[in-house]
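Structure file structure16.cif (mmCIF, C-alpha atoms and all ligand atoms) follows.
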```
data_data
#
loop_
_atom_site.group_PDB
_atom_site.id
_atom_site.type_symbol
_atom_site.label_atom_id
_atom_site.label_comp_id
_atom_site.auth_asym_id
_atom_site.auth_seq_id
_atom_site.Cartn_x
_atom_site.Cartn_y
_atom_site.Cartn_z
ATOM 1 C CA MET A 4 19.393 3.802 -24.224
ATOM 2 C CA PHE A 5 18.632 6.463 -26.851
ATOM 3 C CA ASN A 6 15.091 5.193 -27.402
ATOM 4 C CA GLU A 7 14.511 4.975 -23.673
ATOM 5 C CA LEU A 8 15.598 8.585 -23.266
ATOM 6 C CA LYS A 9 13.606 9.818 -26.240
ATOM 7 C CA LYS A 10 10.314 9.013 -24.536
ATOM 8 C CA TYR A 11 11.172 11.549 -21.820
ATOM 9 C CA LEU A 12 11.377 14.401 -24.314
ATOM 10 C CA VAL A 13 7.600 14.809 -24.321
ATOM 11 C CA LYS A 14 5.404 16.093 -21.512
ATOM 12 C CA PRO A 15 4.194 13.078 -19.503
ATOM 13 C CA GLY A 16 0.494 12.309 -19.143
ATOM 14 C CA LEU A 17 -1.068 13.438 -15.892
ATOM 15 C CA TYR A 18 0.001 11.189 -12.987
ATOM 16 C CA THR A 19 2.369 9.031 -15.024
ATOM 17 C CA PRO A 20 4.087 7.134 -12.190
ATOM 18 C CA SER A 21 7.814 7.360 -11.409
ATOM 19 C CA THR A 22 9.903 4.355 -12.436
ATOM 20 C CA ASN A 23 11.382 4.252 -8.897
ATOM 21 C CA ASN A 24 10.292 5.241 -5.420
ATOM 22 C CA PHE A 25 11.612 8.670 -4.388
ATOM 23 C CA TRP A 26 11.119 8.740 -0.582
ATOM 24 C CA ASP A 27 12.029 5.107 0.040
ATOM 25 C CA ASP A 28 14.958 4.744 -2.414
ATOM 26 C CA GLU A 29 18.044 3.134 -0.807
ATOM 27 C CA HIS A 30 20.403 5.925 -1.938
ATOM 28 C CA ILE A 31 18.133 8.992 -2.141
ATOM 29 C CA SER A 32 16.802 8.363 1.370
ATOM 30 C CA LYS A 33 20.349 8.906 2.725
ATOM 31 C CA GLY A 34 20.423 12.415 1.261
ATOM 32 C CA LEU A 35 16.881 13.035 2.469
ATOM 33 C CA LEU A 36 17.763 11.984 6.019
ATOM 34 C CA ALA A 37 20.789 14.315 5.966
ATOM 35 C CA ALA A 38 18.477 17.110 4.758
ATOM 36 C CA HIS A 39 15.976 16.427 7.585
ATOM 37 C CA LEU A 40 18.746 16.449 10.172
ATOM 38 C CA ASN A 41 20.427 19.667 9.029
ATOM 39 C CA PRO A 42 19.017 22.247 11.474
ATOM 40 C CA ASP A 43 19.505 25.164 9.079
ATOM 41 C CA TRP A 44 17.972 23.782 5.869
ATOM 42 C CA ASP A 45 14.388 24.283 4.762
ATOM 43 C CA ALA A 46 14.643 21.063 2.740
ATOM 44 C CA ALA A 47 12.975 17.770 3.767
ATOM 45 C CA SER A 48 11.997 19.350 7.105
ATOM 46 C CA ARG A 49 11.855 23.022 7.932
ATOM 47 C CA LYS A 50 14.625 24.656 9.965
ATOM 48 C CA HIS A 51 14.703 23.217 13.471
ATOM 49 C CA LYS A 52 14.087 26.614 15.074
ATOM 50 C CA PHE A 53 10.793 26.734 13.187
ATOM 51 C CA LEU A 54 9.948 23.202 14.375
ATOM 52 C CA ASP A 55 10.379 24.395 17.980
ATOM 53 C CA GLN A 56 8.087 27.381 17.393
ATOM 54 C CA SER A 57 5.597 25.179 15.619
ATOM 55 C CA VAL A 58 5.344 22.655 18.464
ATOM 56 C CA ARG A 59 5.035 25.495 21.028
ATOM 57 C CA TRP A 60 2.111 26.902 19.044
ATOM 58 C CA ILE A 61 0.382 23.527 18.571
ATOM 59 C CA ARG A 62 0.760 22.912 22.305
ATOM 60 C CA LYS A 63 -1.060 26.216 22.894
ATOM 61 C CA ILE A 64 -3.993 25.561 20.543
ATOM 62 C CA ALA A 65 -4.333 21.863 21.488
ATOM 63 C CA PRO A 66 -2.874 21.438 24.998
ATOM 64 C CA PRO A 67 -1.811 17.851 25.714
ATOM 65 C CA ALA A 68 -3.779 17.891 28.980
ATOM 66 C CA GLN A 69 -6.985 17.793 26.848
ATOM 67 C CA TYR A 70 -5.571 16.551 23.527
ATOM 68 C CA LYS A 71 -3.267 13.757 24.618
ATOM 69 C CA PHE A 72 -3.064 11.340 21.702
ATOM 70 C CA LEU A 73 -1.346 12.709 18.599
ATOM 71 C CA LEU A 74 -0.827 11.095 15.189
ATOM 72 C CA ASP A 75 1.920 12.616 13.005
ATOM 73 C CA LEU A 76 1.476 11.629 9.335
ATOM 74 C CA GLY A 77 4.642 11.737 7.196
ATOM 75 C CA CYS A 78 6.682 11.972 10.397
ATOM 76 C CA GLY A 79 10.036 11.431 8.608
ATOM 77 C CA PRO A 80 12.843 10.764 11.111
ATOM 78 C CA GLY A 81 10.659 11.977 13.980
ATOM 79 C CA LEU A 82 11.814 15.574 14.393
ATOM 80 C CA TYR A 83 8.292 16.770 15.189
ATOM 81 C CA ALA A 84 7.342 13.529 16.938
ATOM 82 C CA GLU A 85 10.180 13.844 19.482
ATOM 83 C CA ARG A 86 9.247 17.461 20.152
ATOM 84 C CA PHE A 87 5.563 16.528 20.526
ATOM 85 C CA SER A 88 6.529 13.812 22.977
ATOM 86 C CA SER A 89 8.653 16.224 25.041
ATOM 87 C CA ALA A 90 5.706 18.633 25.006
ATOM 88 C CA GLY A 91 3.535 16.005 26.718
ATOM 89 C CA TYR A 92 1.681 14.186 23.906
ATOM 90 C CA VAL A 93 1.464 10.421 23.447
ATOM 91 C CA VAL A 94 2.716 10.170 19.880
ATOM 92 C CA THR A 95 2.289 7.821 16.927
ATOM 93 C CA GLY A 96 4.286 8.575 13.759
ATOM 94 C CA VAL A 97 3.617 7.121 10.307
ATOM 95 C CA ASP A 98 5.985 7.262 7.351
ATOM 96 C CA PHE A 99 6.800 5.118 4.319
ATOM 97 C CA SER A 100 10.544 5.914 4.302
ATOM 98 C CA LYS A 101 12.226 2.893 5.863
ATOM 99 C CA ARG A 102 15.436 4.811 6.563
ATOM 100 C CA SER A 103 13.557 7.627 8.330
ATOM 101 C CA ILE A 104 11.445 5.259 10.420
ATOM 102 C CA GLU A 105 14.509 3.231 11.422
ATOM 103 C CA TYR A 106 16.302 6.416 12.495
ATOM 104 C CA ALA A 107 13.201 7.567 14.395
ATOM 105 C CA LYS A 108 12.916 4.207 16.187
ATOM 106 C CA GLU A 109 16.581 4.355 17.262
ATOM 107 C CA GLN A 110 16.070 7.867 18.608
ATOM 108 C CA THR A 111 12.984 7.008 20.621
ATOM 109 C CA LEU A 112 14.779 4.019 22.180
ATOM 110 C CA MET A 113 17.790 6.173 23.007
ATOM 111 C CA LYS A 114 15.722 9.032 24.432
ATOM 112 C CA LYS A 115 13.194 6.693 26.086
ATOM 113 C CA SER A 116 10.446 8.851 24.587
ATOM 114 C CA ASN A 117 8.192 5.860 23.935
ATOM 115 C CA ILE A 118 6.910 6.986 20.515
ATOM 116 C CA ARG A 119 5.130 4.385 18.364
ATOM 117 C CA TYR A 120 6.437 4.462 14.780
ATOM 118 C CA LEU A 121 4.721 2.708 11.887
ATOM 119 C CA TYR A 122 6.402 2.090 8.533
ATOM 120 C CA GLN A 123 3.315 2.507 6.383
ATOM 121 C CA ASN A 124 1.693 4.468 3.574
ATOM 122 C CA TYR A 125 -0.584 6.942 5.354
ATOM 123 C CA LEU A 126 -3.224 6.485 2.670
ATOM 124 C CA ASN A 127 -3.772 3.023 4.178
ATOM 125 C CA ILE A 128 -4.170 3.916 7.865
ATOM 126 C CA ASN A 129 -7.245 2.558 9.615
ATOM 127 C CA PHE A 130 -7.628 4.115 13.053
ATOM 128 C CA LEU A 131 -11.016 4.582 14.646
ATOM 129 C CA GLU A 132 -11.455 7.604 16.959
ATOM 130 C CA GLU A 133 -8.050 7.009 18.553
ATOM 131 C CA PHE A 134 -6.473 10.472 18.308
ATOM 132 C CA ASP A 135 -7.081 13.974 19.666
ATOM 133 C CA VAL A 136 -4.736 15.594 17.140
ATOM 134 C CA VAL A 137 -3.610 14.555 13.653
ATOM 135 C CA THR A 138 -0.814 16.520 11.965
ATOM 136 C CA LEU A 139 0.309 16.486 8.315
ATOM 137 C CA ILE A 140 3.135 19.011 8.127
ATOM 138 C CA TYR A 141 5.296 20.527 5.398
ATOM 139 C CA CYS A 142 2.787 20.668 2.593
ATOM 140 C CA ASP A 143 2.604 16.927 1.869
ATOM 141 C CA TYR A 144 -1.139 17.262 1.315
ATOM 142 C CA GLY A 145 -0.455 19.009 -2.008
ATOM 143 C CA ALA A 146 1.652 16.123 -3.307
ATOM 144 C CA LEU A 147 -1.473 13.949 -3.463
ATOM 145 C CA SER A 148 -4.006 13.716 -6.283
ATOM 146 C CA LYS A 149 -7.556 14.915 -5.608
ATOM 147 C CA THR A 150 -8.758 11.324 -5.138
ATOM 148 C CA GLU A 151 -5.930 10.568 -2.699
ATOM 149 C CA ARG A 152 -6.572 13.790 -0.785
ATOM 150 C CA ARG A 153 -10.217 12.837 -0.315
ATOM 151 C CA GLN A 154 -9.185 9.326 0.776
ATOM 152 C CA LEU A 155 -6.681 10.725 3.294
ATOM 153 C CA LEU A 156 -9.143 13.296 4.698
ATOM 154 C CA GLU A 157 -11.702 10.541 5.294
ATOM 155 C CA LYS A 158 -9.082 8.406 7.074
ATOM 156 C CA VAL A 159 -7.994 11.374 9.208
ATOM 157 C CA TYR A 160 -11.598 12.178 10.136
ATOM 158 C CA GLN A 161 -12.155 8.559 11.107
ATOM 159 C CA ALA A 162 -8.927 8.505 13.167
ATOM 160 C CA LEU A 163 -9.941 11.569 15.202
ATOM 161 C CA LYS A 164 -12.038 11.515 18.349
ATOM 162 C CA PRO A 165 -15.029 13.920 18.430
ATOM 163 C CA ASN A 166 -13.652 17.492 18.902
ATOM 164 C CA GLY A 167 -10.236 16.281 17.733
ATOM 165 C CA LYS A 168 -8.122 18.583 15.561
ATOM 166 C CA PHE A 169 -6.498 18.067 12.170
ATOM 167 C CA ILE A 170 -3.562 20.427 11.528
ATOM 168 C CA VAL A 171 -2.380 20.628 7.923
ATOM 169 C CA ASP A 172 -0.357 23.079 5.843
ATOM 170 C CA VAL A 173 -0.270 23.699 2.083
ATOM 171 C CA PHE A 174 1.550 25.880 -0.440
ATOM 172 C CA THR A 175 -0.357 28.756 -2.036
ATOM 173 C CA PRO A 176 -0.328 29.513 -5.802
ATOM 174 C CA ARG A 177 2.572 31.927 -5.106
ATOM 175 C CA MET A 178 4.796 28.854 -4.859
ATOM 176 C CA ARG A 179 3.927 27.538 -8.350
ATOM 177 C CA ASN A 180 6.939 27.277 -10.622
ATOM 178 C CA LYS A 181 7.342 28.339 -14.235
ATOM 179 C CA GLU A 182 7.739 25.583 -16.816
ATOM 180 C CA SER A 183 11.440 24.945 -17.373
ATOM 181 C CA ARG A 184 14.034 22.434 -18.499
ATOM 182 C CA SER A 185 17.627 22.099 -17.326
ATOM 183 C CA TRP A 186 20.372 19.514 -17.024
ATOM 184 C CA SER A 187 23.334 18.924 -14.748
ATOM 185 C CA TYR A 188 26.206 16.445 -14.478
ATOM 186 C CA SER A 189 27.563 15.033 -11.187
ATOM 187 C CA ALA A 190 31.060 13.663 -11.708
ATOM 188 C CA GLU A 191 31.374 12.274 -8.187
ATOM 189 C CA GLY A 192 27.819 11.060 -7.657
ATOM 190 C CA GLY A 193 25.410 13.028 -5.505
ATOM 191 C CA PHE A 194 21.850 13.266 -4.210
ATOM 192 C CA TRP A 195 20.235 11.258 -7.044
ATOM 193 C CA SER A 196 22.817 8.483 -7.489
ATOM 194 C CA PRO A 197 26.065 7.310 -5.872
ATOM 195 C CA GLU A 198 27.654 6.972 -9.351
ATOM 196 C CA HIS A 199 28.524 9.723 -11.774
ATOM 197 C CA HIS A 200 25.264 10.678 -13.469
ATOM 198 C CA LEU A 201 23.418 13.119 -15.640
ATOM 199 C CA CYS A 202 20.156 14.717 -14.465
ATOM 200 C CA LEU A 203 17.543 16.084 -16.845
ATOM 201 C CA GLU A 204 15.060 18.184 -14.921
ATOM 202 C CA ALA A 205 11.789 19.671 -16.096
ATOM 203 C CA VAL A 206 8.845 21.505 -14.569
ATOM 204 C CA TYR A 207 5.493 21.017 -16.324
ATOM 205 C CA GLN A 208 2.175 22.704 -15.654
ATOM 206 C CA TYR A 209 -1.166 21.018 -16.431
ATOM 207 C CA ASP A 210 -4.464 22.677 -17.295
ATOM 208 C CA ASP A 211 -6.568 20.182 -15.365
ATOM 209 C CA GLU A 212 -9.122 21.456 -12.820
ATOM 210 C CA ASP A 213 -6.541 20.822 -10.057
ATOM 211 C CA GLU A 214 -3.828 22.961 -11.752
ATOM 212 C CA THR A 215 -1.306 20.185 -11.235
ATOM 213 C CA GLU A 216 2.436 20.810 -11.354
ATOM 214 C CA LEU A 217 5.078 18.192 -12.082
ATOM 215 C CA ARG A 218 8.776 18.298 -11.291
ATOM 216 C CA GLN A 219 10.357 15.528 -13.329
ATOM 217 C CA VAL A 220 13.923 14.336 -12.744
ATOM 218 C CA ILE A 221 15.490 11.837 -15.153
ATOM 219 C CA VAL A 222 18.646 10.289 -13.698
ATOM 220 C CA ILE A 223 20.964 8.711 -16.270
ATOM 221 C CA THR A 224 23.829 6.475 -15.189
ATOM 222 C CA GLU A 225 25.987 4.090 -17.238
ATOM 223 C CA GLU A 226 23.652 1.269 -16.266
ATOM 224 C CA ASN A 227 20.156 2.713 -16.382
ATOM 225 C CA VAL A 228 17.650 5.540 -16.651
ATOM 226 C CA LYS A 229 15.377 6.348 -13.721
ATOM 227 C CA CYS A 230 12.479 8.780 -13.786
ATOM 228 C CA TYR A 231 11.115 10.531 -10.703
ATOM 229 C CA ASN A 232 7.795 12.319 -11.140
ATOM 230 C CA ILE A 233 7.047 14.586 -8.192
ATOM 231 C CA TRP A 234 3.518 16.060 -8.335
ATOM 232 C CA ASP A 235 2.322 19.155 -6.532
ATOM 233 C CA HIS A 236 -0.807 21.256 -6.000
ATOM 234 C CA PHE A 237 -1.382 24.736 -4.637
ATOM 235 C CA PHE A 238 -4.258 26.033 -2.556
ATOM 236 C CA THR A 239 -6.189 29.154 -1.790
ATOM 237 C CA LYS A 240 -8.142 29.220 1.465
ATOM 238 C CA GLU A 241 -11.329 28.655 -0.564
ATOM 239 C CA LYS A 242 -9.965 25.650 -2.453
ATOM 240 C CA LEU A 243 -8.734 24.033 0.773
ATOM 241 C CA LEU A 244 -12.023 24.667 2.570
ATOM 242 C CA ALA A 245 -14.012 23.250 -0.379
ATOM 243 C CA GLU A 246 -12.116 19.960 0.054
ATOM 244 C CA ILE A 247 -12.140 19.727 3.840
ATOM 245 C CA GLU A 248 -15.626 20.973 4.694
ATOM 246 C CA PRO A 249 -17.604 18.162 2.962
ATOM 247 C CA ILE A 250 -15.738 15.547 5.031
ATOM 248 C CA GLY A 251 -17.736 16.646 8.089
ATOM 249 C CA PHE A 252 -15.343 18.838 10.137
ATOM 250 C CA LYS A 253 -17.378 21.385 12.082
ATOM 251 C CA SER A 254 -15.003 24.339 12.353
ATOM 252 C CA PHE A 255 -11.901 25.747 10.668
ATOM 253 C CA GLU A 256 -9.227 28.272 11.522
ATOM 254 C CA PHE A 257 -6.708 29.554 9.001
ATOM 255 C CA TYR A 258 -3.156 30.732 9.663
ATOM 256 C CA GLY A 259 -0.197 31.768 7.536
ATOM 257 C CA ASP A 260 1.948 28.866 8.700
ATOM 258 C CA VAL A 261 2.024 25.930 11.052
ATOM 259 C CA ALA A 262 3.547 28.091 13.807
ATOM 260 C CA GLY A 263 0.453 30.313 14.047
ATOM 261 C CA LYS A 264 1.449 33.261 11.841
ATOM 262 C CA GLU A 265 -1.511 35.450 10.919
ATOM 263 C CA PHE A 266 -3.222 34.350 7.675
ATOM 264 C CA SER A 267 -2.480 36.560 4.676
ATOM 265 C CA GLU A 268 -3.896 36.414 1.125
ATOM 266 C CA THR A 269 -0.340 36.926 -0.159
ATOM 267 C CA GLY A 270 1.474 34.311 1.960
ATOM 268 C CA GLU A 271 3.445 31.324 0.673
ATOM 269 C CA THR A 272 1.715 28.790 2.903
ATOM 270 C CA ILE A 273 -1.631 28.294 4.630
ATOM 271 C CA CYS A 274 -2.201 26.240 7.738
ATOM 272 C CA CYS A 275 -5.695 24.994 8.484
ATOM 273 C CA VAL A 276 -6.772 23.762 11.914
ATOM 274 C CA CYS A 277 -9.950 21.717 11.462
ATOM 275 C CA THR A 278 -12.068 20.530 14.381
ATOM 276 C CA LYS A 279 -14.178 17.366 14.145
HETATM 277 C C1 LIG A 301 8.463 16.881 3.299
HETATM 278 S S1 LIG A 301 8.763 15.538 4.405
HETATM 279 C C2 LIG A 301 8.072 16.212 5.893
HETATM 280 C C3 LIG A 301 8.468 15.485 7.127
HETATM 281 C C4 LIG A 301 7.884 16.031 8.434
HETATM 282 N N1 LIG A 301 6.455 16.159 8.410
HETATM 283 C C5 LIG A 301 8.523 17.350 8.779
HETATM 284 O O1 LIG A 301 7.896 18.405 8.559
HETATM 285 O O2 LIG A 301 9.645 17.328 9.273
HETATM 286 C C6 LIG A 301 7.519 14.377 3.865
HETATM 287 C C7 LIG A 301 7.546 13.032 4.602
HETATM 288 O O3 LIG A 301 6.335 12.346 4.288
HETATM 289 C C8 LIG A 301 6.619 11.001 3.950
HETATM 290 N N2 LIG A 301 5.544 10.569 3.048
HETATM 291 C C9 LIG A 301 5.198 11.105 1.847
HETATM 292 N N3 LIG A 301 4.123 10.463 1.350
HETATM 293 C C10 LIG A 301 3.791 9.489 2.257
HETATM 294 C C11 LIG A 301 2.786 8.492 2.308
HETATM 295 N N4 LIG A 301 1.893 8.360 1.310
HETATM 296 N N5 LIG A 301 2.733 7.683 3.379
HETATM 297 C C12 LIG A 301 3.631 7.790 4.397
HETATM 298 N N6 LIG A 301 4.624 8.729 4.407
HETATM 299 C C13 LIG A 301 4.688 9.561 3.348
HETATM 300 C C14 LIG A 301 8.005 11.025 3.333
HETATM 301 O O4 LIG A 301 8.653 9.785 3.432
HETATM 302 C C15 LIG A 301 8.677 12.113 4.164
HETATM 303 O O5 LIG A 301 9.295 11.579 5.306
#
```

Is it possible to express this structure as structure tokens?
Amino acid sequence: MFNELKKYLVKPGLYTPSTNNFWDDEHISKGLLAAHLNPDWDAASRKHKFLDQSVRWIRKIAPPAQYKFLLDLGCGPGLYAERFSSAGYVVTGVDFSKRSIEYAKEQTLMKKSNIRYLYQNYLNINFLEEFDVVTLIYCDYGALSKTERRQLLEKVYQALKPNGKFIVDVFTPRMRNKESRSWSYSAEGGFWSPEHHLCLEAVYQYDDEDETELRQVIVITEENVKCYNIWDHFFTKEKLLAEIEPIGFKSFEFYGDVAGKEFSETGETICCVCTK
């Protein structure tokens, strides 16, 4: 155990993978689902009031009468998808959290909202000009490496019909964290493990061209050591445009958030609406 732990005392190489899946973990996904469903937490999803505002705004800039078919990437338990469906869109949601997709499927059956949910990594989607709108909401874009971002943008472009819109939000450099290390003990079990466990947390910054940030969580139980490496990236308007423009989109609008707030150089998020 000691030798296993010792290797986590040094800064990991860029994009060292986690030992276990974060979003699709049997235990962690329970806590994540609870976080999504809490209407007053800005955790896995934003507060539900914001979701309502967000869908109202999207409905205004891409009315379902003209933009009927909507693909929601990283749909989680379907909080946006259900709202999009009520707003008049025909919705497909994609997510690689089994627990979230199962919850979303139950909800759509119960509400008869007829949403199609796919349990899939969105980096592997293969739609051809099927959608009028593609959404990727709550800054998931920044969790991807540069290569993955390019791959996803190409897939999104391919999935959109001509004149279709891609709506994406990202964190700005204001949201970068300072390097830090901390530990905590959960006597009763908690978010990271159902058993009593120790968590060693660190934030690392990298000097690569992408200014990558890593939040590393080491979860130590009596039985094992698990390491979760959660990567993040931060964007200025210019950096985001430099990635999206070469894909072929013809026009771009920038906002301060995914509910249509005015863009500001000092904001915490940026939302880009890109038209194919
Ligand atoms: C921060 S949550 C946002 C959920 C939703 N967009 C919202 O705003 O309520 C990120 C979601 O994306 C999913 N996700 C992350 N990476 C993914 C990938 N590569 N493929 C499919 N789903 C992914 C996670 O499982 C999680 O449900």

Query raised in the report: Nearest to ligand LIG 301 (chain A): which of A:Leu155, A:Ile223, A:Val261, A:Leu82 is it, counting only C-alpha atoms and all ligand atoms?
Result: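 Smallest distance to ligand LIG 301 (chain A) is found for A:Leu82.
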
Report task. To verify the selection step, state as a list in words which residues the PyMOL selection byres (((chain A and resi 188-191) around 12) and not hetatm) yields on this input. Result -> Ser185, Trp186, Ser187, Gly192, Gly193, Phe194, Trp195, Ser196, Pro197, Glu198, His199, His200, Leu201, Cys202, Leu203, Glu204, Ile221, Val222, Ile223 and Thr224 of chain A

Export of the given selection (C-alpha atoms) as an mmCIF file, in the frame of the given file:
```cif
data_model
loop_
_atom_site.group_PDB
_atom_site.id
_atom_site.type_symbol
_atom_site.label_atom_id
_atom_site.label_comp_id
_atom_site.auth_asym_id
_atom_site.auth_seq_id
_atom_site.Cartn_x
_atom_site.Cartn_y
_atom_site.Cartn_z
ATOM 1 C CA SER A 185 17.627 22.099 -17.326
ATOM 2 C CA TRP A 186 20.372 19.514 -17.024
ATOM 3 C CA SER A 187 23.334 18.924 -14.748
ATOM 4 C CA GLY A 192 27.819 11.060 -7.657
ATOM 5 C CA GLY A 193 25.410 13.028 -5.505
ATOM 6 C CA PHE A 194 21.850 13.266 -4.210
ATOM 7 C CA TRP A 195 20.235 11.258 -7.044
ATOM 8 C CA SER A 196 22.817 8.483 -7.489
ATOM 9 C CA PRO A 197 26.065 7.310 -5.872
ATOM 10 C CA GLU A 198 27.654 6.972 -9.351
ATOM 11 C CA HIS A 199 28.524 9.723 -11.774
ATOM 12 C CA HIS A 200 25.264 10.678 -13.469
ATOM 13 C CA LEU A 201 23.418 13.119 -15.640
ATOM 14 C CA CYS A 202 20.156 14.717 -14.465
ATOM 15 C CA LEU A 203 17.543 16.084 -16.845
ATOM 16 C CA GLU A 204 15.060 18.184 -14.921
ATOM 17 C CA ILE A 221 15.490 11.837 -15.153
ATOM 18 C CA VAL A 222 18.646 10.289 -13.698
ATOM 19 C CA ILE A 223 20.964 8.711 -16.270
ATOM 20 C CA THR A 224 23.829 6.475 -15.189
#
```

Query raised in the report: What residues come out when you apply the PyMOL selection byres (((chain A and resi 95) around 6) and not hetatm) to this file, written as a PyMOL selection string?
Result: chain A and resi 74+94+96+118-120

Query raised in the report: CA of Ile170 in chain A and CA of Thr138 in chain A, how far apart in Å?
Result: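 Distance reported for this atom pair: 4.8 Å.
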
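Of the listed residues (A:Asp143, A:Asp43, A:Glu7, A:Asp211), A:Asp143 comes nearest to Val171 in chain A; the distances count only C-alpha atoms.
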
Using all atoms listed in the file, what are the residues with an atom within 7 Å of ligand LIG 301 (chain A), set out as a PDB file with C-alpha atoms, keeping the file's coordinate frame?
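Listing of out-v8.pdb after writing:
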```pdb
ATOM      1  CA  TRP A  26      11.119   8.740  -0.582  1.00  0.00           C
ATOM      2  CA  ASP A  27      12.029   5.107   0.040  1.00  0.00           C
ATOM      3  CA  HIS A  39      15.976  16.427   7.585  1.00  0.00           C
ATOM      4  CA  ALA A  47      12.975  17.770   3.767  1.00  0.00           C
ATOM      5  CA  SER A  48      11.997  19.350   7.105  1.00  0.00           C
ATOM      6  CA  ARG A  49      11.855  23.022   7.932  1.00  0.00           C
ATOM      7  CA  LEU A  76       1.476  11.629   9.335  1.00  0.00           C
ATOM      8  CA  GLY A  77       4.642  11.737   7.196  1.00  0.00           C
ATOM      9  CA  CYS A  78       6.682  11.972  10.397  1.00  0.00           C
ATOM     10  CA  GLY A  79      10.036  11.431   8.608  1.00  0.00           C
ATOM     11  CA  PRO A  80      12.843  10.764  11.111  1.00  0.00           C
ATOM     12  CA  LEU A  82      11.814  15.574  14.393  1.00  0.00           C
ATOM     13  CA  TYR A  83       8.292  16.770  15.189  1.00  0.00           C
ATOM     14  CA  VAL A  97       3.617   7.121  10.307  1.00  0.00           C
ATOM     15  CA  ASP A  98       5.985   7.262   7.351  1.00  0.00           C
ATOM     16  CA  PHE A  99       6.800   5.118   4.319  1.00  0.00           C
ATOM     17  CA  SER A 100      10.544   5.914   4.302  1.00  0.00           C
ATOM     18  CA  SER A 103      13.557   7.627   8.330  1.00  0.00           C
ATOM     19  CA  GLN A 123       3.315   2.507   6.383  1.00  0.00           C
ATOM     20  CA  ASN A 124       1.693   4.468   3.574  1.00  0.00           C
ATOM     21  CA  TYR A 125      -0.584   6.942   5.354  1.00  0.00           C
ATOM     22  CA  LEU A 126      -3.224   6.485   2.670  1.00  0.00           C
ATOM     23  CA  LEU A 139       0.309  16.486   8.315  1.00  0.00           C
ATOM     24  CA  ILE A 140       3.135  19.011   8.127  1.00  0.00           C
ATOM     25  CA  TYR A 141       5.296  20.527   5.398  1.00  0.00           C
ATOM     26  CA  CYS A 142       2.787  20.668   2.593  1.00  0.00           C
ATOM     27  CA  ASP A 143       2.604  16.927   1.869  1.00  0.00           C
TER      28      ASP A 143
END
```

Report task. Calculate how many Å separate CA of Lys229 in chain A from CA of Arg179 in chain A, rounding to one decimal. Result ->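 Separation between CA of Lys229 in chain A and CA of Arg179 in chain A: 24.7 Å.
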
Report task. Record the distance separating CA of Leu147 in chain A and CA of Asp75 in chain A, expressed in Å with one decimal. Result -> 16.9 Å

Report task. Return the single residue from A:Trp60, A:Tyr207, A:Phe252, A:Trp44 that is closest to Glu157 in chain A, with distances computed using all atoms listed in the file. Result ->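 Of A:Trp60, A:Tyr207, A:Phe252, A:Trp44, the one nearest Glu157 in chain A is A:Phe252, counting all atoms listed in the file.
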
Which residues are near Ser148 in chain A? Cut-off 10 Å, only C-alpha atoms, ignore same chain within fewer than 2 positions. Put them as a PDB file with C-alpha atoms, in the frame of the given file.
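This went into around39.pdb:
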```
ATOM      1  CA  TYR A  18       0.001  11.189 -12.987  1.00  0.00           C
ATOM      2  CA  TYR A 144      -1.139  17.262   1.315  1.00  0.00           C
ATOM      3  CA  GLY A 145      -0.455  19.009  -2.008  1.00  0.00           C
ATOM      4  CA  ALA A 146       1.652  16.123  -3.307  1.00  0.00           C
ATOM      5  CA  THR A 150      -8.758  11.324  -5.138  1.00  0.00           C
ATOM      6  CA  GLU A 151      -5.930  10.568  -2.699  1.00  0.00           C
ATOM      7  CA  ARG A 152      -6.572  13.790  -0.785  1.00  0.00           C
ATOM      8  CA  ARG A 153     -10.217  12.837  -0.315  1.00  0.00           C
ATOM      9  CA  GLN A 154      -9.185   9.326   0.776  1.00  0.00           C
ATOM     10  CA  ASP A 213      -6.541  20.822 -10.057  1.00  0.00           C
ATOM     11  CA  THR A 215      -1.306  20.185 -11.235  1.00  0.00           C
ATOM     12  CA  TRP A 234       3.518  16.060  -8.335  1.00  0.00           C
ATOM     13  CA  ASP A 235       2.322  19.155  -6.532  1.00  0.00           C
ATOM     14  CA  HIS A 236      -0.807  21.256  -6.000  1.00  0.00           C
TER      15      HIS A 236
END
```

Exercise on range 12-31 of chain A, axis-aligned box with 3 Å per side, report centre and edge lengths in Å to one decimal, as JSON:
```
{"center_x": 9.7, "center_y": 9.6, "center_z": -12.1, "size_x": 27.5, "size_y": 19.0, "size_z": 30.4}
```

Query raised in the report: Got a sec to check which residues sit within 10 Å of (-4.4, 14.5, 22.4), counting only C-alpha atoms, and write them as a list of chain:residue names?
Result: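 Within the cut-off we find A:Arg62, A:Ala65, A:Pro66, A:Pro67, A:Ala68, A:Gln69, A:Tyr70, A:Lys71, A:Phe72, A:Leu73, A:Leu74, A:Gly91, A:Tyr92, A:Val93, A:Val94, A:Glu133, A:Phe134, A:Asp135, A:Val136, A:Val137, A:Leu163, A:Lys164, A:Gly167, A:Lys168.
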
Requested in this report: May I have the residues within 6 Å of range 266-275 of chain A as an NGL selection string, using only C-alpha atoms and disregarding those fewer than 2 positions away in the same chain?
Outcome: :A and (170-175 or 177 or 256-261)

Report task. Just the residues within 9 Å of Tyr106 in chain A, please, counting only C-alpha atoms, with nothing from its chain fewer than 3 positions along; format it as a PyMOL selection string. Result -> chain A and resi 36+79-81+101-103+109-111

Query - Reference answer for the PyMOL selection byres (((chain A and resi 255) around 6) and not hetatm), as number ranges by chain - result: A: 254, 256, 276-277

Query raised in the report: Excluding same-chain residues fewer than 6 positions from Phe25 in chain A, what lies within 10 Å of it counting only C-alpha atoms, as a list in words?
Result: Ile31, Ser32, Leu35, Ser100, Trp195, Cys230, Tyr231, Asn232 and Ile233 of chain A

Query raised in the report: Which residue, A:Lys63, A:Lys33, A:Lys14, A:Lys9, has the smallest gap to Tyr209 in chain A when you use only C-alpha atoms?
Result: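 Checking each of A:Lys63, A:Lys33, A:Lys14, A:Lys9 against Tyr209 in chain A, counting only C-alpha atoms, the winner is A:Lys14.
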